[in-house]
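The structure under discussion appears below in the form of structure tokens.
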Amino acid sequence: MSEDNRNKQGGAQQQDLNQLRRVRRDKLAELQAEGKDPFVITKYDQTHHSQQIKDNYDELEGKEVQVAGRMMSKRIMGKASFCNIQDVQGNIQVYVARDEVGQEEYKAFKKYDVGDIVGVRGTVFKTKTGEISIHASELTLMTKSLQILPEKFHGLTNTDLRYRQRYVDLIMNQESKETFLKRSKIIKEIRNFLDDRDFMEVETPMLVSNAGGAAARPFDTHYNALDEDVKLRISLELYLKRLIVGGLERVYEIGRVFRNEGVDTRHNPEFTLMELYQAYTDYEGMMDLTEDMFRYLAEKVCGTTLISYNGIEIDLGKPFERITMNECIKKFTGIDFDQVETDEEAKALADEHEIEYEDYHGKGEIVSAFFEEYCEENLIQPVFVTDHPLAISPLTKKKPDDPTKVERFELFINSWEMCNAYSELNDPIDQRERFAAQDAAFEAGDEEANHTDEDFLNALEIGMPPTGGIGYGIDRLVMLLTDSPAIRDVLLFPTMKTLKE
């Protein structure tokens with residue numbers, strides 16, 4: 001088909017849609033003129049939902065129920081018709097007979113449109129084909145849909161439009177609805193898991209003067225009432241640690257954080273992070289808790305610890321592998337960074353392998369770059385990667401037997417970083433020196449470097465007990481447990497570029 005013909009066809013389709021929309025508005029005007037404006041209805045008493053009726057048919061057969069939802073199809077057949085009502089649980093067929101609902105109501109029903117929101121009162125029965133249905137005795141039009149839903153057999157297939165109009169996506173794509181119902185269940189079960197272990201859920205500020213706790217570029221804004229520049233938080237860490245100082249021994253928060261970075265299949269500038277902190281434990285305690293929690297969530301949400309992502313089986317039931325970052329690099333490159341003593345040697349290796357770095361980077365940053373380049377894509381089954389370089393871990397305790405490394409781990413599954421955990425640095429003198437190094441890195445051009453936080457240092461000087469802490473990317477966890485290909489598929493309203501008029 002030529003471009004000209006495609007444009008003509010598109011123009012004709014748009015004309016047809018505009019005509020259909022006009023018809024719907026005319027129907028609404030007619031209802032209003034008759035004193036039957038559906039928008040004046042304020043409530044409807046639902047007694048049951050669709051799946052509840054199907055699951056309990058033996059108990060409900062012949063009994064009266066009231067359901068409400070969106071009409072997704074309608075078949076007019078003379079004196080009796082069928083329609084399909086969709087609610088939060090699914091859908092159910094409704095049999096509408098003129099002799100049961102009355103001639104006037106049946107005439108009105110025939111003018112209903114797909115997309116209208118309808119209440120149905122009637123009795124539960126099975127059709128001759130065995131389909132559980134409702135024999136309507138009363139219909140109530142509660143909302144007149146003035147737009148045209150996508151063609152039902154193909155749903156809403158335009159990916160960009162699905163993200164921009166999630167409300168239509170949820171109507172037309174049952175898989176999307178199931179994903180978000182499962183997301184809610186995942187978060188609920190996380191809370192159950194932590195609450196059973198005496199963790200206390202808290203809330204901390206989103207607007208902060210110093211956005212620390214992660215290597216990320218923050219969003220800047222201005223607080224008019226105080227005439228101060230502030231930032232949207234990039235992490236939950238530093239305030240939660242203040243609470244550990246205050247004596248709350250086990251705390252967690254699930255909340256939005258904001259990072260001024262690009263958008264791709266695993267990144268969105270605002271996303272849901274969970275961080276938890278536990279006094280009197282270390283990063284190994286965090287490993288044990290994490291492994292238990294992932295296994296618990298898989299069983300509760302998926303019904304099995306053997307899950308599938310993009311056709312690959314991932315076993316959350318086996319003990320998770322543990323490997324140091326240097327061991328992992330050696331495994332996939334043959335390079336042993338434990339034998340590399342100077343920054344110059346590390347930079348020479350980077351040059352040899354075409355690994356990019358900045359002038360101010362040292363061995364630690366180059367080790368991290370090698371790991372990202374050669375290792376991450378190979379980490380499919382659950383593995384804890386431990387013992388990160390000191391240079392990339394400004395809030396973490398040093399390893400007592402090797403002060404160039406820290407007591408830290410990241411969990412990788414399906415090549416993704418799923419969480420990041422430390423034995424938290426609680427030495428205020430060491431922390432001040434690390435902040436100073438971060439300040440210097442920022443001055444040298446690292447926009448993701450942390451800044452000195454004097455109030456946090458004051459809290460550490462008051463005294464923080466030995467503490468294990470961890471941060472989980474909730475959206476990636478949901479992607480994994482729902483087999484979703486992109487982060488936008490698990491965010492109800494992902495960040496999208498504004499369309500120009």
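Residues are named by chain letter and number: chains run A, B, ... in the order of the structure tokens, numbers start at 1 in each chain, and ligands are numbered from 1 in the order shown.
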(request) Do a neighbour search on region 78-85 of chain A at 10 Å with only C-alpha atoms, toss out local chain neighbours closer than 6 positions, and write the hits as a ChimeraX atom specification. (result) /A:50,67-72,91-100,103,106-107,109-110,114-120,133-136
Output for the residues just chosen: N, CA and C atoms as a compact mmCIF listing (two decimals), in the first residue's frame:
# COMPACT_ATOMS: atom_id res chain seq x y z
N SER A 50 -16.97 -11.45 39.65
CA SER A 50 -17.10 -12.49 38.62
C SER A 50 -16.46 -13.82 39.03
N VAL A 67 -23.70 -7.63 40.47
CA VAL A 67 -22.33 -7.40 40.02
C VAL A 67 -22.28 -6.07 39.27
N ALA A 68 -21.10 -5.53 39.15
CA ALA A 68 -20.94 -4.27 38.42
C ALA A 68 -19.60 -4.30 37.69
N GLY A 69 -19.56 -3.68 36.52
CA GLY A 69 -18.31 -3.62 35.78
C GLY A 69 -18.53 -3.02 34.40
N ARG A 70 -17.51 -3.18 33.57
CA ARG A 70 -17.53 -2.60 32.22
C ARG A 70 -18.05 -3.63 31.22
N MET A 71 -18.98 -3.20 30.38
CA MET A 71 -19.51 -4.10 29.36
C MET A 71 -18.48 -4.20 28.23
N MET A 72 -18.00 -5.44 27.99
CA MET A 72 -16.94 -5.64 27.01
C MET A 72 -17.45 -6.23 25.69
N ASN A 91 -14.27 -11.67 34.16
CA ASN A 91 -15.51 -11.32 33.46
C ASN A 91 -16.54 -12.43 33.62
N ILE A 92 -17.79 -12.07 33.37
CA ILE A 92 -18.88 -13.04 33.48
C ILE A 92 -19.95 -12.68 32.45
N GLN A 93 -20.58 -13.72 31.90
CA GLN A 93 -21.62 -13.52 30.90
C GLN A 93 -22.94 -13.18 31.59
N VAL A 94 -23.71 -12.30 30.94
CA VAL A 94 -25.03 -11.91 31.44
C VAL A 94 -26.07 -12.19 30.34
N TYR A 95 -27.13 -12.89 30.71
CA TYR A 95 -28.24 -13.18 29.81
C TYR A 95 -29.35 -12.17 30.10
N VAL A 96 -29.75 -11.42 29.06
CA VAL A 96 -30.75 -10.36 29.22
C VAL A 96 -31.96 -10.71 28.35
N ALA A 97 -33.07 -11.01 29.01
CA ALA A 97 -34.31 -11.37 28.29
C ALA A 97 -35.32 -10.25 28.44
N ARG A 98 -36.01 -9.91 27.35
CA ARG A 98 -36.98 -8.82 27.38
C ARG A 98 -38.09 -9.08 28.38
N ASP A 99 -38.56 -10.32 28.45
CA ASP A 99 -39.68 -10.62 29.33
C ASP A 99 -39.28 -10.56 30.81
N GLU A 100 -37.98 -10.64 31.09
CA GLU A 100 -37.52 -10.60 32.49
C GLU A 100 -37.25 -9.17 32.94
N GLN A 103 -39.95 -4.45 28.75
CA GLN A 103 -39.76 -3.98 27.38
C GLN A 103 -38.97 -2.68 27.33
N TYR A 106 -35.32 -3.31 28.24
CA TYR A 106 -34.65 -4.06 27.19
C TYR A 106 -34.33 -3.15 26.01
N LYS A 107 -35.25 -2.27 25.69
CA LYS A 107 -35.02 -1.29 24.61
C LYS A 107 -33.82 -0.40 24.95
N PHE A 109 -31.39 -1.21 27.00
CA PHE A 109 -30.17 -2.04 27.01
C PHE A 109 -29.59 -2.17 25.61
N LYS A 110 -30.44 -2.28 24.61
CA LYS A 110 -29.96 -2.45 23.24
C LYS A 110 -29.15 -1.23 22.77
N VAL A 114 -20.33 -0.93 24.13
CA VAL A 114 -19.15 -1.54 24.72
C VAL A 114 -18.31 -0.44 25.39
N GLY A 115 -17.96 -0.68 26.64
CA GLY A 115 -17.24 0.33 27.41
C GLY A 115 -18.09 0.96 28.49
N ASP A 116 -19.43 0.88 28.35
CA ASP A 116 -20.31 1.42 29.40
C ASP A 116 -20.13 0.64 30.70
N ILE A 117 -20.31 1.32 31.81
CA ILE A 117 -20.23 0.66 33.12
C ILE A 117 -21.64 0.40 33.61
N VAL A 118 -21.90 -0.88 33.92
CA VAL A 118 -23.26 -1.35 34.14
C VAL A 118 -23.34 -2.16 35.43
N GLY A 119 -24.44 -2.00 36.14
CA GLY A 119 -24.74 -2.87 37.27
C GLY A 119 -25.78 -3.90 36.85
N VAL A 120 -25.63 -5.12 37.31
CA VAL A 120 -26.54 -6.21 36.93
C VAL A 120 -27.03 -6.90 38.20
N SER A 133 -23.28 -18.04 34.20
CA SER A 133 -23.79 -16.75 33.75
C SER A 133 -24.75 -16.17 34.80
N ILE A 134 -25.21 -14.97 34.52
CA ILE A 134 -26.23 -14.32 35.36
C ILE A 134 -27.45 -14.04 34.48
N HIS A 135 -28.60 -14.49 34.94
CA HIS A 135 -29.87 -14.19 34.27
C HIS A 135 -30.38 -12.88 34.86
N ALA A 136 -30.27 -11.80 34.07
CA ALA A 136 -30.54 -10.46 34.59
C ALA A 136 -32.01 -10.23 34.86
(request) Name all residues at most 9 Å from region 53-55 of chain A (count only C-alpha atoms; drop same-chain ones fewer than 2 positions away) and give them as a list of chain:residue names. (result)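 Non-adjacent residues within range: A:His48, A:His49, A:Ser50, A:Gln51, A:Tyr57, A:Asp58, A:Glu59, A:Leu60, A:Glu61, A:Val65, A:Ile92, A:Val124, A:Ile132, A:Ser133.
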For the selection you just gave me, I'd like the residues written to a file as a PDB file, in the first residue's frame, keeping C-alpha atoms.
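Generated file (selection-v3.pdb):
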ATOM      1  CA  HIS A  48     -20.186 -10.511  44.355  1.00  0.00           C
ATOM      2  CA  HIS A  49     -17.408 -10.384  41.758  1.00  0.00           C
ATOM      3  CA  SER A  50     -17.103 -12.492  38.625  1.00  0.00           C
ATOM      4  CA  GLN A  51     -14.510 -15.033  39.730  1.00  0.00           C
ATOM      5  CA  TYR A  57     -21.200 -21.805  41.640  1.00  0.00           C
ATOM      6  CA  ASP A  58     -22.578 -24.813  43.557  1.00  0.00           C
ATOM      7  CA  GLU A  59     -23.403 -22.545  46.478  1.00  0.00           C
ATOM      8  CA  LEU A  60     -24.734 -19.642  44.390  1.00  0.00           C
ATOM      9  CA  GLU A  61     -26.730 -21.473  41.705  1.00  0.00           C
ATOM     10  CA  VAL A  65     -26.400 -11.557  43.026  1.00  0.00           C
ATOM     11  CA  ILE A  92     -18.878 -13.039  33.479  1.00  0.00           C
ATOM     12  CA  VAL A 124     -26.772 -17.383  38.810  1.00  0.00           C
ATOM     13  CA  ILE A 132     -21.672 -19.869  34.319  1.00  0.00           C
ATOM     14  CA  SER A 133     -23.793 -16.747  33.753  1.00  0.00           C
TER      15      SER A 133
END
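DSSP, applied to the backbone of this structure, assigns alpha helix (DSSP H) to the following residues of region 278-323 of chain A: Tyr283, Glu284, Gly285, Met286, Met287, Asp288, Leu289, Thr290, Glu291, Asp292, Met293, Phe294, Arg295, Tyr296 and Leu297 of chain A.
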(message) Measuring between only C-alpha atoms, which one of A:Arg408, A:Lys500, A:Arg162, A:Lys27 shows the shortest distance to Thr324 (chain A)?
(response) A:Arg408
(message) Could you pull out the strand (DSSP E or B) residues of region 27-152 of chain A, going by DSSP on the backbone, and write them as number ranges by chain?
(response) A: 61, 64-77, 80-87, 90-97, 117-126, 132-143
(request) Find the distance between CA of Asn458 (chain A) and CA of Glu237 (chain A) and write it in Å to one decimal. (result)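 Computing it gives 15.4 Å between the two atoms.
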(message) Taking 2 positions as the minimum chain separation for residues in the same chain, which residues sit within 12 Å of Met464 (chain A) when counting only C-alpha atoms? Answer as a PyMOL selection string.
(response) chain A and resi 238+240-249+277-280+424-428+456-462+466-468
(message) Would you pick out the contacts of Leu477 (chain A) at 12 Å or less, using only C-alpha atoms, so that residues sharing its chain but fewer than 2 positions from it are not included, and give the list as an MDAnalysis selection string?
(response) chainID A and resid 182:183 186:187 190 266 271:274 293:294 297:298 301 309 411:414 416:419 471:475 479:487 490
(request) Compile the contact shell of Asp359 (chain A) as a list in words: residues with an atom at most 12 Å away, counting only C-alpha atoms, same-chain residues fewer than 2 positions apart removed. (result) Asp343, Glu344, Lys347, Glu356, Tyr357, His361, Gly362, Lys363, Glu365, Ile366, Ala441, Ala444, Gly445 and Asp446 of chain A
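Rounded to one decimal, CA of Phe332 (chain A) and CA of Ile314 (chain A) lie 20.7 Å from each other.
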(message) Excluding Glu433 (chain A) and its own-chain neighbours fewer than 3 positions away, which residues fall within 12 Å of it when counting only C-alpha atoms? Please give them as number ranges by chain.
(response) A: 391, 394-395, 425, 427-430, 436-440, 451-453, 457
Go ahead and dump the residues you just picked, N, CA and C atoms, as a short mmCIF file (atom, residue, chain, number, x, y, z; two decimals), in the first residue's frame.
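Listed below is the output, again-v1.cif:
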data_model
loop_
_atom_site.label_atom_id
_atom_site.label_comp_id
_atom_site.auth_asym_id
_atom_site.auth_seq_id
_atom_site.Cartn_x
_atom_site.Cartn_y
_atom_site.Cartn_z
N ALA A 391 37.04 2.04 46.93
CA ALA A 391 36.83 3.30 46.21
C ALA A 391 35.39 3.50 45.74
N PRO A 394 31.60 4.14 49.53
CA PRO A 394 31.95 5.15 50.53
C PRO A 394 31.23 5.02 51.87
N LEU A 395 30.25 4.13 51.98
CA LEU A 395 29.48 4.04 53.23
C LEU A 395 29.62 2.66 53.88
N LEU A 425 29.31 1.28 57.56
CA LEU A 425 30.40 2.03 58.19
C LEU A 425 29.83 2.83 59.36
N ASP A 427 32.15 4.23 61.79
CA ASP A 427 33.28 5.01 62.31
C ASP A 427 33.17 6.43 61.75
N PRO A 428 32.83 7.44 62.56
CA PRO A 428 32.61 8.78 62.03
C PRO A 428 33.88 9.42 61.46
N ILE A 429 35.03 9.06 61.98
CA ILE A 429 36.28 9.63 61.46
C ILE A 429 36.56 9.08 60.07
N ASP A 430 36.45 7.77 59.92
CA ASP A 430 36.62 7.15 58.61
C ASP A 430 35.57 7.67 57.63
N ALA A 436 35.09 13.22 52.20
CA ALA A 436 36.05 14.15 51.61
C ALA A 436 36.53 13.65 50.25
N ALA A 437 36.77 12.35 50.16
CA ALA A 437 37.17 11.76 48.88
C ALA A 437 36.06 11.90 47.86
N GLN A 438 34.80 11.74 48.29
CA GLN A 438 33.67 11.92 47.39
C GLN A 438 33.54 13.36 46.93
N ASP A 439 33.75 14.31 47.85
CA ASP A 439 33.73 15.73 47.48
C ASP A 439 34.78 16.02 46.42
N ALA A 440 35.96 15.44 46.60
CA ALA A 440 37.03 15.64 45.62
C ALA A 440 36.67 15.04 44.27
N HIS A 451 28.19 13.80 48.81
CA HIS A 451 28.73 15.01 49.44
C HIS A 451 28.76 14.81 50.95
N THR A 452 29.62 15.57 51.59
CA THR A 452 29.69 15.50 53.05
C THR A 452 28.35 15.88 53.67
N ASP A 453 27.87 15.05 54.57
CA ASP A 453 26.60 15.29 55.26
C ASP A 453 26.92 15.45 56.74
N LEU A 457 27.11 12.77 59.93
CA LEU A 457 28.35 12.56 60.68
C LEU A 457 28.13 12.80 62.17
#
(request) Can you work out the spacing between CA of Arg259 (chain A) and CA of Leu170 (chain A) in Å, to one decimal? (result)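 These atoms are spaced 27.4 Å apart.
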(request) Could you give me, as an MDAnalysis selection string, the residues within 7 Å of region 207-219 of chain A, counting only C-alpha atoms and dropping anything in the same chain fewer than 6 positions from it? (result) chainID A and resid 230:235 237:238 258:261 447:451 453
